[in-house]
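Visitor: First, the structure itself, so that you have it in front of you.
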Amino acid sequence: MQLSNVKFGIFSPTAESGFCATSPKHAPKLTTRRSPKKIRENALMKMLKRISTGAAISCALYVFSLNALADSKLHEKYSALLDKHVVTIDGGASTQVDYKGFKRDQRQLSSYLDQLAAVPPRTFDSWDQNTQLAFLINAYNAYTIDLILTEYPELESIRDLGSFFSSPWDKEIAPLLGKSRSLDDIEHNLIRGDNKYSEPRIHFAVNCASVGCPALREEAYVGERLDAQLDMQTKRFLSDRTRNKIENETLYLSKIFSWYEGDFEKNWKNTQSVSEFILLYKDAMGLSSAQVGSIESGNADVDYLEYDWSLNDTKAAVKN
């Protein structure tokens, strides 16, 4: 309830008025007393305003803390394991994995996977997209290592874990975000599904435990640095001449570009084809001006190299 403003005048000294003349300087100050109800209403409004402001600040701090936890704490243990057991080879173009070392530290890996499994869907949904994507890539790679360890060292390829009737990527091995999931589910539904993240460079970050795969990164992915990490992974993969190269006017590329061609046609940074994507990384590919022109004009042929499914293992785990 709000009182209307009332203008109080000063009476002139006339006999008719019956009042003595009073100058403005000495005029009595007239005030309006607020009712107890009005006082209570105002106090309530002030209290609600303070609560609303406090709640908004608390909410913002909570979301910030969730993102900070996801990046600075959640993946620390896994990042330490990668630093310890991933071996850089070929001048940095690729890596091998010391699965024997991971076997010794399997309890720590299992503890990390338990941390991932404990993240509820609504917490995941509160994170920004980079933090979500980093979480999913780390989950895929860590669960892949864990799958290899179930039979290591009695296997030569991840495909040995499947059969004629089943694929190792179809096994529900990962309790994640409220469901028991397979590696295929994590990659094709959570990471690639519905083009939610619109990020073709994930193909150079997820690792299938094979020589033909892009390098398993020597650290965990984190949301705040994800773009730079994915860019570096893309450059190192394209600079590996055993996986991608150009000879004369023919591009010889990893079969990843064939299997997932559609992911490179969705206008990421205005690229709508594998060739246009490659041109974004012409320096990593070592393309000459003439080769760039050949690709731009559509005169370059594209061929795909055989994929090496051998386990990306190293027996001599001595870091470069």
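Numbering starts fresh at 1 for the residues of each chain in the structure tokens, the chains themselves are lettered A, B, ... in the order given, and ligands are numbered from 1 as they appear.
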Quick one: residues within 7 Å of stretch 166-181 of chain A, only C-alpha atoms, excluding same-chain residues fewer than 3 positions away - as a PyMOL selection string?
Guide: chain A and resi 116-117+119-121+143+159+161-163+184-186
Visitor: Those residues you just picked out, can you put them in a file as an mmCIF file, in the first residue's frame with C-alpha atoms?
Guide:
data_model
loop_
_atom_site.group_PDB
_atom_site.id
_atom_site.type_symbol
_atom_site.label_atom_id
_atom_site.label_comp_id
_atom_site.auth_asym_id
_atom_site.auth_seq_id
_atom_site.Cartn_x
_atom_site.Cartn_y
_atom_site.Cartn_z
ATOM 1 C CA LEU A 116 33.433 -40.011 -12.807
ATOM 2 C CA ALA A 117 30.618 -42.448 -12.053
ATOM 3 C CA VAL A 119 28.908 -37.251 -11.034
ATOM 4 C CA PRO A 120 25.089 -36.934 -11.267
ATOM 5 C CA PRO A 121 23.453 -35.858 -14.547
ATOM 6 C CA TYR A 143 37.487 -46.545 -19.700
ATOM 7 C CA ARG A 159 39.659 -56.057 -31.166
ATOM 8 C CA LEU A 161 38.358 -58.261 -26.635
ATOM 9 C CA GLY A 162 35.453 -58.782 -29.007
ATOM 10 C CA SER A 163 34.229 -61.756 -31.012
ATOM 11 C CA ASP A 184 30.192 -46.557 -28.484
ATOM 12 C CA ASP A 185 27.460 -44.939 -26.386
ATOM 13 C CA ILE A 186 29.911 -42.430 -24.913
#
Visitor: May I have the residues within 8 Å of A:Ser94 as a PyMOL selection string, using only C-alpha atoms and disregarding those fewer than 4 positions away in the same chain?
Guide: chain A and resi 88-90+214-216+236-237+240
Visitor: So which bits of stretch 67-165 of chain A end up helix (DSSP H, G or I) when you DSSP the backbone, as a PyMOL selection string?
Guide: chain A and resi 67-73+76-85+90-92+99-104+106-117+121-126+129-149+158-161
Visitor: Measure the distance from atom CA of A:Asp227 to atom CA of A:Asp313 in Å and round it to one decimal.
Guide: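 Rounded to one decimal, the two atoms are 27.5 Å apart.
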Visitor: Can you tell me, as a ChimeraX atom specification, which residues in stretch 192-282 of chain A count as strand (DSSP E) by DSSP?
Guide: /A:245-247,250-253
Visitor: Write a file of the just-selected residues containing N, CA and C atoms, as a PDB file, in the first residue's frame.
Guide:
ATOM      1  N   LYS A 245      49.507 -37.548 -45.216  1.00  0.00           N
ATOM      2  CA  LYS A 245      50.577 -36.968 -46.050  1.00  0.00           C
ATOM      3  C   LYS A 245      50.008 -36.618 -47.414  1.00  0.00           C
ATOM      4  N   ILE A 246      50.791 -35.898 -48.194  1.00  0.00           N
ATOM      5  CA  ILE A 246      50.427 -35.597 -49.573  1.00  0.00           C
ATOM      6  C   ILE A 246      51.617 -35.934 -50.466  1.00  0.00           C
ATOM      7  N   GLU A 247      51.343 -36.593 -51.547  1.00  0.00           N
ATOM      8  CA  GLU A 247      52.363 -36.921 -52.536  1.00  0.00           C
ATOM      9  C   GLU A 247      51.842 -36.522 -53.903  1.00  0.00           C
ATOM     10  N   THR A 250      47.968 -36.101 -54.571  1.00  0.00           N
ATOM     11  CA  THR A 250      47.096 -37.034 -53.869  1.00  0.00           C
ATOM     12  C   THR A 250      47.278 -36.895 -52.360  1.00  0.00           C
ATOM     13  N   LEU A 251      46.164 -36.692 -51.670  1.00  0.00           N
ATOM     14  CA  LEU A 251      46.162 -36.671 -50.219  1.00  0.00           C
ATOM     15  C   LEU A 251      45.970 -38.100 -49.716  1.00  0.00           C
ATOM     16  N   TYR A 252      46.901 -38.557 -48.895  1.00  0.00           N
ATOM     17  CA  TYR A 252      46.763 -39.854 -48.250  1.00  0.00           C
ATOM     18  C   TYR A 252      46.430 -39.583 -46.775  1.00  0.00           C
ATOM     19  N   LEU A 253      45.197 -39.901 -46.412  1.00  0.00           N
ATOM     20  CA  LEU A 253      44.713 -39.535 -45.086  1.00  0.00           C
ATOM     21  C   LEU A 253      44.344 -40.769 -44.263  1.00  0.00           C
TER      22      LEU A 253
END
Visitor: Rank nothing, just name the residue among A:Arg107, A:Lys73, A:Lys235, A:Lys282 nearest to A:Ala205, using only C-alpha atoms.
Guide: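 Using only C-alpha atoms, A:Ala205 sits closest to A:Lys235.
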Visitor: Taking 3 positions as the minimum chain separation for residues in the same chain, which residues sit within 6 Å of A:Phe204 when counting only C-alpha atoms? Answer as a list in words.
Guide: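 Once the nearby chain positions are removed, what remains is Arg201, Pro214, Gln233 and Thr234 of chain A.
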Visitor: Include C-alpha atoms and write out the residues we just selected as a short mmCIF file (atom, residue, chain, number, x, y, z; two decimals), in the first residue's frame.
Guide:
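Output (selection.cif):
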data_model
loop_
_atom_site.label_atom_id
_atom_site.label_comp_id
_atom_site.auth_asym_id
_atom_site.auth_seq_id
_atom_site.Cartn_x
_atom_site.Cartn_y
_atom_site.Cartn_z
CA ARG A 201 38.46 -32.26 -33.53
CA PRO A 214 45.63 -40.21 -32.81
CA GLN A 233 46.05 -32.73 -30.94
CA THR A 234 44.85 -31.99 -34.47
#
